[in-house]
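Below: one structure, written as structure tokens.
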Amino acid sequence: MRGPLEKTTPARCRSHPEAGAGWSCNNCQAPLCPDCVAVRRSMSTEYLSCGLCQGQAVPILVHRSRIPLATQLRGAWRYPFTPTGLAVLAGLSFLLTVCRWAAASTFLLLKFMPTVIGLGIFWGAFFHIVRATARGERELDTPDYSEVFTDCVSPAMRGLVGTTLLWLPGLLYLLFIKGWDVSKPMDEMLSNPAFYVSGGLPQLDWSQVVGDPILWLIVLAGALYLPMALLFAAAGQSVLRMLNPVAVLFAARRLGRDYLITLGALAVLTVALVLGHVVAAGIHALELPLLSRLGAEFVTCLAPFLMAHVLGLLLYNRGDEIGYGSPTDYLEPVLGDARPRVAAPSLRPASIAPAEPPPEASASLTETLAALTQAVGAQDASKALTLYADISEPRSLKQIEPAHHLFVGQAAVAQGQYPLAIKALETAADVAPDGPEASRALVLLARVFAERMKEPERAASIYRYVVHRYPNTDASRFAQRHLSPTS
Ligand SMILES: [Zn+2]
Ligand SMILES: [Zn+2]
């Protein structure tokens with residue numbers, strides 16, 4: 001899958017040998033640079049055409065891993081240190097502070113709820129970071145907690161299972177094979193279950209066991225195992241697979257050197273995690289009301305969230321090897337975001353047929369348009385649909401307001417008139433691509449293709465267009481959720 005796509009020397013443009021080629025022509029096979037490809041647009045779809053023969057130009061794709069993981073990791077520490085990232089981190093710290101405070105100041109049985117919520121918030125954010133990074137996002141943004149089970153409960157469960165692997169085998173060894181007496185510290189730990197939230201350790205008498213090499217081997221094995229288990233969890237795989245050592249070893253072997261590099265980065269971050277806890281203890285000691293707790297939470301969150309980012313980078317680069325997302329998501333244009341610099345005239349038939357409509361037709365058109373406006377105003381769906389279906393001339397459609405196209409599109413979907421819905425929704429987006437209706441119309445259009453017409457490919461191409469054309473809108477977030485996880 002990776003072999004034929006990766007070329008040691010990138011292709012050069014046939015007309016401009018000094019420029020790198022980002023596309024190749026399906027017709028004349030020429031490698032093309034941004035100056036040799038023209039963008040043509042028809043309705044909501046863009047076409048690229050070869051500047052030499054007008055054939056279809058397609059992007060030259062390369063695998064993401066052509067930029068080695070080690071290179072990607074170099075700037076990774078910056079991840080939370082952006083204005084948005086710091087704001088998100090402060091918000092999460094606040095929520096975790098509230099949960100920890102609630103867990104600490106309630107009775108034993110009531111501690112359960114805030115502890116679970118805190119865990120959900122923490123692990124929800126953790127897996128959100130892994131997945132967002134794996135999608136190619138390089139700035140920490142707000143996790144989505146809109147669905148309690150998927151965004152909170154399930155991450156908390158997976159996080160617990162994962163981290164339990166780190167300490168439970170060692171603990172079982174100490175308790176049952178070494179006969180370590182920990183009854184007193186265990187009681188203390190059980191009365192403070194919030195220690196899970198950011199991985200604090202119970203106050204145990206470590207002097208009895210710290211020199212035991214077998215314990216260290218068990219802990220080391222857990223530390224080597226945990227990152228892969230967490231990757232499985234982030235990739236939405238089952239808890240059973242997380243606990244299956246054969247699957248974990250097999251995946252680690254496939255990732256090879258990159259898994260070792262990831263382990264190295266995580267080891268550095270573990271040192272940062274310990275330092276974070278030391279600093280947090282110092283901030284706690286200052287005993288400033290609220291601020292101490294908030295500051296401590298903030299400092300202890302930095303290392304785990306950076307760890308999530310590191311895991312996300314591994315998944316971004318090599319996730320296809322462990323079955324995450326679709327293999328095509330890992331291919332990207334060789335020139336990155338570079339766009340063709342030539343814009344070709346529109347392919348619309350209307351623009352090459354400038355004939356005036358006959359006067360009687362234009363008189364009846366005016367009437368139809370007025371009647372349509374009235375029908376939309378009166379929310380009379382069936383009348384609006386009948387009138388709209390009679391208008392076929394693109395220039396006439398252009399005289400209708402985008403909101404009216406959208407109204408007709410929604411009404412046609414509701415009545416099962418899908419061809420009419422497609423026409424209205426495409427036109428809604430086309431007459432005012434920067435208006436507020438355009439992205440809503442396109443999302444609805446994609447849903448018609450996905451859910452009613454059973455054309456998932458077309459739906460996906462429209463969702464991708466929405467994500468690219470209308471970033472940071474409700475429409476693009478909706479579209480992103482409906483695309484496969486890594487695209
Ligand atoms: Zn060509
Ligand atoms: Zn060129």
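By order in the structure tokens, chains are A, B, ...; within a chain, residues start at 1; ligands start at 1, following the order shown.
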Around ligand 1, which protein and nucleic acid residues have at least one atom no more than 6 Å from it, if we count only C-alpha atoms and all ligand atoms? List them as a tab-separated table (two decimals) with C-alpha atoms, in the first residue's frame.
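Contents of pocket-v2.tsv, freshly written:
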```
chain	number	residue	atom	x	y	z
A	25	CYS	CA	-3.15	14.34	-15.59
A	27	ASN	CA	-5.30	11.87	-19.80
A	28	CYS	CA	-1.77	12.90	-20.87
A	30	ALA	CA	1.85	14.89	-17.30
A	50	CYS	CA	-4.90	19.79	-16.86
A	52	LEU	CA	-1.96	21.11	-21.22
A	53	CYS	CA	-4.85	18.95	-22.47
A	54	GLN	CA	-7.95	19.84	-20.34
A	55	GLY	CA	-7.95	16.25	-19.04
```
### Task
Please provide the set of residues having any atom within 10 Å of segment 280-293 of chain A, restricted to only C-alpha atoms, with same-chain residues fewer than 2 positions apart removed, written as a ChimeraX atom specification.
/A:93-94,96-98,100-101,274-278,295-300
Take the residues just selected and output them with N, CA and C atoms as a PDB file, in the first residue's frame.
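Just written: out.pdb:
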```pdb
ATOM      1  N   SER A  93      -9.227  22.350  34.009  1.00  0.00           N
ATOM      2  CA  SER A  93      -8.707  22.369  35.378  1.00  0.00           C
ATOM      3  C   SER A  93      -9.803  22.802  36.340  1.00  0.00           C
ATOM      4  N   PHE A  94     -10.597  23.778  35.919  1.00  0.00           N
ATOM      5  CA  PHE A  94     -11.674  24.256  36.785  1.00  0.00           C
ATOM      6  C   PHE A  94     -12.681  23.136  37.058  1.00  0.00           C
ATOM      7  N   LEU A  96     -12.220  19.920  36.837  1.00  0.00           N
ATOM      8  CA  LEU A  96     -11.603  18.867  37.653  1.00  0.00           C
ATOM      9  C   LEU A  96     -11.475  19.314  39.106  1.00  0.00           C
ATOM     10  N   THR A  97     -11.174  20.620  39.307  1.00  0.00           N
ATOM     11  CA  THR A  97     -11.076  21.146  40.675  1.00  0.00           C
ATOM     12  C   THR A  97     -12.411  20.993  41.396  1.00  0.00           C
ATOM     13  N   VAL A  98     -13.492  21.345  40.683  1.00  0.00           N
ATOM     14  CA  VAL A  98     -14.821  21.240  41.285  1.00  0.00           C
ATOM     15  C   VAL A  98     -15.106  19.781  41.663  1.00  0.00           C
ATOM     16  N   ARG A 100     -12.961  17.323  42.209  1.00  0.00           N
ATOM     17  CA  ARG A 100     -12.092  16.857  43.275  1.00  0.00           C
ATOM     18  C   ARG A 100     -12.544  17.433  44.621  1.00  0.00           C
ATOM     19  N   TRP A 101     -12.936  18.727  44.581  1.00  0.00           N
ATOM     20  CA  TRP A 101     -13.408  19.354  45.805  1.00  0.00           C
ATOM     21  C   TRP A 101     -14.690  18.649  46.281  1.00  0.00           C
ATOM     22  N   VAL A 274       5.912  13.664  36.946  1.00  0.00           N
ATOM     23  CA  VAL A 274       6.357  13.654  38.341  1.00  0.00           C
ATOM     24  C   VAL A 274       6.680  15.082  38.779  1.00  0.00           C
ATOM     25  N   LEU A 275       7.404  15.827  37.917  1.00  0.00           N
ATOM     26  CA  LEU A 275       7.723  17.226  38.234  1.00  0.00           C
ATOM     27  C   LEU A 275       6.443  18.024  38.438  1.00  0.00           C
ATOM     28  N   GLY A 276       5.451  17.775  37.574  1.00  0.00           N
ATOM     29  CA  GLY A 276       4.162  18.468  37.679  1.00  0.00           C
ATOM     30  C   GLY A 276       3.536  18.238  39.045  1.00  0.00           C
ATOM     31  N   HIS A 277       3.619  16.980  39.526  1.00  0.00           N
ATOM     32  CA  HIS A 277       3.050  16.684  40.839  1.00  0.00           C
ATOM     33  C   HIS A 277       3.827  17.373  41.962  1.00  0.00           C
ATOM     34  N   VAL A 278       5.162  17.464  41.796  1.00  0.00           N
ATOM     35  CA  VAL A 278       5.968  18.164  42.808  1.00  0.00           C
ATOM     36  C   VAL A 278       5.564  19.638  42.843  1.00  0.00           C
ATOM     37  N   GLY A 295      -4.521  25.930  40.274  1.00  0.00           N
ATOM     38  CA  GLY A 295      -3.159  25.932  39.737  1.00  0.00           C
ATOM     39  C   GLY A 295      -2.556  24.539  39.756  1.00  0.00           C
ATOM     40  N   ALA A 296      -2.799  23.813  40.856  1.00  0.00           N
ATOM     41  CA  ALA A 296      -2.249  22.465  40.989  1.00  0.00           C
ATOM     42  C   ALA A 296      -2.834  21.553  39.914  1.00  0.00           C
ATOM     43  N   GLU A 297      -4.135  21.664  39.702  1.00  0.00           N
ATOM     44  CA  GLU A 297      -4.801  20.835  38.697  1.00  0.00           C
ATOM     45  C   GLU A 297      -4.235  21.141  37.302  1.00  0.00           C
ATOM     46  N   PHE A 298      -4.059  22.435  37.035  1.00  0.00           N
ATOM     47  CA  PHE A 298      -3.538  22.890  35.745  1.00  0.00           C
ATOM     48  C   PHE A 298      -2.161  22.279  35.481  1.00  0.00           C
ATOM     49  N   VAL A 299      -1.285  22.366  36.480  1.00  0.00           N
ATOM     50  CA  VAL A 299       0.090  21.891  36.315  1.00  0.00           C
ATOM     51  C   VAL A 299       0.127  20.375  36.125  1.00  0.00           C
ATOM     52  N   THR A 300      -0.743  19.638  36.856  1.00  0.00           N
ATOM     53  CA  THR A 300      -0.706  18.178  36.733  1.00  0.00           C
ATOM     54  C   THR A 300      -1.337  17.698  35.431  1.00  0.00           C
TER      55      THR A 300
END
```
### Task
Could I get the residue neighbourhood of ligand 2 at 6 Å, counting only C-alpha atoms and all ligand atoms, as a ChimeraX atom specification?
/A:13,15-16,32-33,35-36
Those selected residues, please, written with C-alpha atoms and delivered as a PDB file, in the first residue's frame.
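In the end it all went to part.pdb:
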```
ATOM      1  CA  CYS A  13       6.254  19.695 -13.468  1.00  0.00           C
ATOM      2  CA  SER A  15       6.311  22.492 -18.270  1.00  0.00           C
ATOM      3  CA  HIS A  16       8.229  23.958 -15.316  1.00  0.00           C
ATOM      4  CA  LEU A  32       1.621  19.325 -13.115  1.00  0.00           C
ATOM      5  CA  CYS A  33       2.587  22.227 -10.824  1.00  0.00           C
ATOM      6  CA  ASP A  35       0.462  26.959 -12.379  1.00  0.00           C
ATOM      7  CA  CYS A  36      -0.488  24.164 -14.746  1.00  0.00           C
TER       8      CYS A  36
END
```
### Task
Could you tell me how far atom CA of Thr82 of chain A lies from atom CA of Cys152 of chain A, in Å and to one decimal?
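For atom CA of Thr82 of chain A relative to atom CA of Cys152 of chain A, the distance reads 25.0 Å.
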### Message
One number please: atom CA of Phe232 of chain A to atom CA of Ala460 of chain A, in Å, one decimal.
### Response
25.3 Å
### Query
To one decimal place, how far is atom CA of Leu263 of chain A from atom CA of Glu137 of chain A in Å?
21.6 Å
Env of His405 of chain A: 6 Å cut, atoms = only C-alpha atoms, seq-sep filter 2 positions within chain, self excluded. Answer as a JSON list (two decimals) with N, CA and C atoms, in the first residue's frame.
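Saved as selection23.json:
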```
[["chain", "number", "residue", "atom", "x", "y", "z"],
["A", 402, "PRO", "N", -31.57, 32.80, -1.29],
["A", 402, "PRO", "CA", -31.02, 31.53, -0.78],
["A", 402, "PRO", "C", -31.93, 30.88, 0.27],
["A", 403, "ALA", "N", -32.53, 31.70, 1.15],
["A", 403, "ALA", "CA", -33.37, 31.13, 2.21],
["A", 403, "ALA", "C", -34.58, 30.40, 1.61],
["A", 407, "PHE", "N", -35.65, 26.58, 2.01],
["A", 407, "PHE", "CA", -37.01, 26.19, 2.43],
["A", 407, "PHE", "C", -37.56, 25.10, 1.50],
["A", 408, "VAL", "N", -37.41, 25.34, 0.19],
["A", 408, "VAL", "CA", -37.90, 24.36, -0.78],
["A", 408, "VAL", "C", -37.15, 23.04, -0.61],
["A", 424, "ALA", "N", -32.69, 22.13, -5.30],
["A", 424, "ALA", "CA", -32.88, 23.33, -4.47],
["A", 424, "ALA", "C", -31.70, 23.54, -3.53],
["A", 428, "ALA", "N", -29.17, 26.60, -3.44],
["A", 428, "ALA", "CA", -29.07, 27.45, -2.24],
["A", 428, "ALA", "C", -27.61, 27.74, -1.93]]
```
Residue contacts of segment 472-476 of chain A (12 Å, only C-alpha atoms) excluding same-chain residues fewer than 3 positions away, as a CSV table (one decimal) with N, CA and C atoms, in the first residue's frame:
```csv
chain,number,residue,atom,x,y,z
A,141,ASP,N,-8.1,22.0,21.4
A,141,ASP,CA,-9.4,22.6,21.3
A,141,ASP,C,-10.4,22.0,22.3
A,142,THR,N,-11.6,22.5,22.5
A,142,THR,CA,-12.5,22.1,23.5
A,142,THR,C,-13.1,20.7,23.2
A,436,PRO,N,-25.3,32.6,5.1
A,436,PRO,CA,-25.5,31.6,6.2
A,436,PRO,C,-26.2,30.3,5.8
A,437,GLU,N,-26.9,30.4,4.7
A,437,GLU,CA,-27.7,29.2,4.3
A,437,GLU,C,-26.8,28.1,3.6
A,438,ALA,N,-25.7,28.6,3.0
A,438,ALA,CA,-24.9,27.7,2.2
A,438,ALA,C,-24.5,26.4,2.9
A,439,SER,N,-23.9,26.6,4.1
A,439,SER,CA,-23.3,25.4,4.7
A,439,SER,C,-24.5,24.5,5.2
A,440,ARG,N,-25.6,25.1,5.7
A,440,ARG,CA,-26.7,24.3,6.1
A,440,ARG,C,-27.3,23.5,4.9
A,441,ALA,N,-27.4,24.2,3.8
A,441,ALA,CA,-27.9,23.5,2.6
A,441,ALA,C,-27.1,22.3,2.2
A,442,LEU,N,-25.7,22.5,2.3
A,442,LEU,CA,-24.8,21.5,1.8
A,442,LEU,C,-24.9,20.3,2.8
A,443,VAL,N,-25.0,20.6,4.1
A,443,VAL,CA,-25.1,19.5,5.1
A,443,VAL,C,-26.3,18.6,4.8
A,444,LEU,N,-27.4,19.4,4.6
A,444,LEU,CA,-28.7,18.7,4.3
A,444,LEU,C,-28.6,17.8,3.0
A,445,LEU,N,-27.9,18.5,2.0
A,445,LEU,CA,-27.7,17.8,0.7
A,445,LEU,C,-26.9,16.5,0.9
A,446,ALA,N,-25.8,16.6,1.8
A,446,ALA,CA,-25.0,15.4,2.0
A,446,ALA,C,-25.9,14.3,2.7
A,447,ARG,N,-26.7,14.8,3.6
A,447,ARG,CA,-27.6,13.8,4.3
A,447,ARG,C,-28.5,13.1,3.4
A,462,ILE,N,-19.2,15.9,-0.2
A,462,ILE,CA,-19.8,17.1,0.2
A,462,ILE,C,-19.4,17.5,1.6
A,463,TYR,N,-19.4,16.5,2.5
A,463,TYR,CA,-18.9,16.7,3.9
A,463,TYR,C,-17.5,17.3,3.9
A,464,ARG,N,-16.6,16.7,3.1
A,464,ARG,CA,-15.3,17.2,3.1
A,464,ARG,C,-15.2,18.6,2.6
A,465,TYR,N,-16.0,18.9,1.6
A,465,TYR,CA,-16.1,20.3,1.0
A,465,TYR,C,-16.5,21.2,2.2
A,466,VAL,N,-17.5,20.8,2.9
A,466,VAL,CA,-18.1,21.7,4.0
A,466,VAL,C,-17.0,21.9,5.1
A,467,VAL,N,-16.2,20.9,5.4
A,467,VAL,CA,-15.2,21.0,6.5
A,467,VAL,C,-14.1,22.0,6.0
A,468,HIS,N,-13.8,21.9,4.7
A,468,HIS,CA,-12.7,22.7,4.1
A,468,HIS,C,-13.2,24.1,3.9
A,469,ARG,N,-14.4,24.3,3.4
A,469,ARG,CA,-14.9,25.6,3.0
A,469,ARG,C,-15.5,26.4,4.1
A,479,ALA,N,-20.3,17.8,9.8
A,479,ALA,CA,-19.7,17.1,8.7
A,479,ALA,C,-18.6,16.3,9.2
A,480,GLN,N,-17.7,16.8,10.1
A,480,GLN,CA,-16.6,16.1,10.6
A,480,GLN,C,-17.0,14.8,11.3
A,481,ARG,N,-18.1,14.9,12.0
A,481,ARG,CA,-18.5,13.7,12.8
A,481,ARG,C,-19.0,12.6,11.8
A,482,HIS,N,-19.4,13.0,10.6
A,482,HIS,CA,-20.0,12.1,9.7
A,482,HIS,C,-18.9,11.6,8.7
A,483,LEU,N,-17.7,12.1,8.8
A,483,LEU,CA,-16.6,11.6,8.0
A,483,LEU,C,-15.9,10.5,8.8
```
### Task
Check segment 14-253 of chain A with DSSP on the backbone and list each residue it calls strand (DSSP E or B), as a list in words.
Gly20, Trp23, Ser24, Cys25, Pro31, Leu32, Val37, Ala38, Val39, Arg40, Arg41, Ser42, Thr45, Glu46, Tyr47, Leu48, Ser49, Cys50, Gln56, Ala57, Val58, Pro59, Leu61, Val62 and His63 of chain A
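Compared by their closest atoms to Tyr259 of chain A, and using only C-alpha atoms, the residues A:Asp212, A:Ala233, A:Val310, A:Leu217 rank with A:Val310 nearest.
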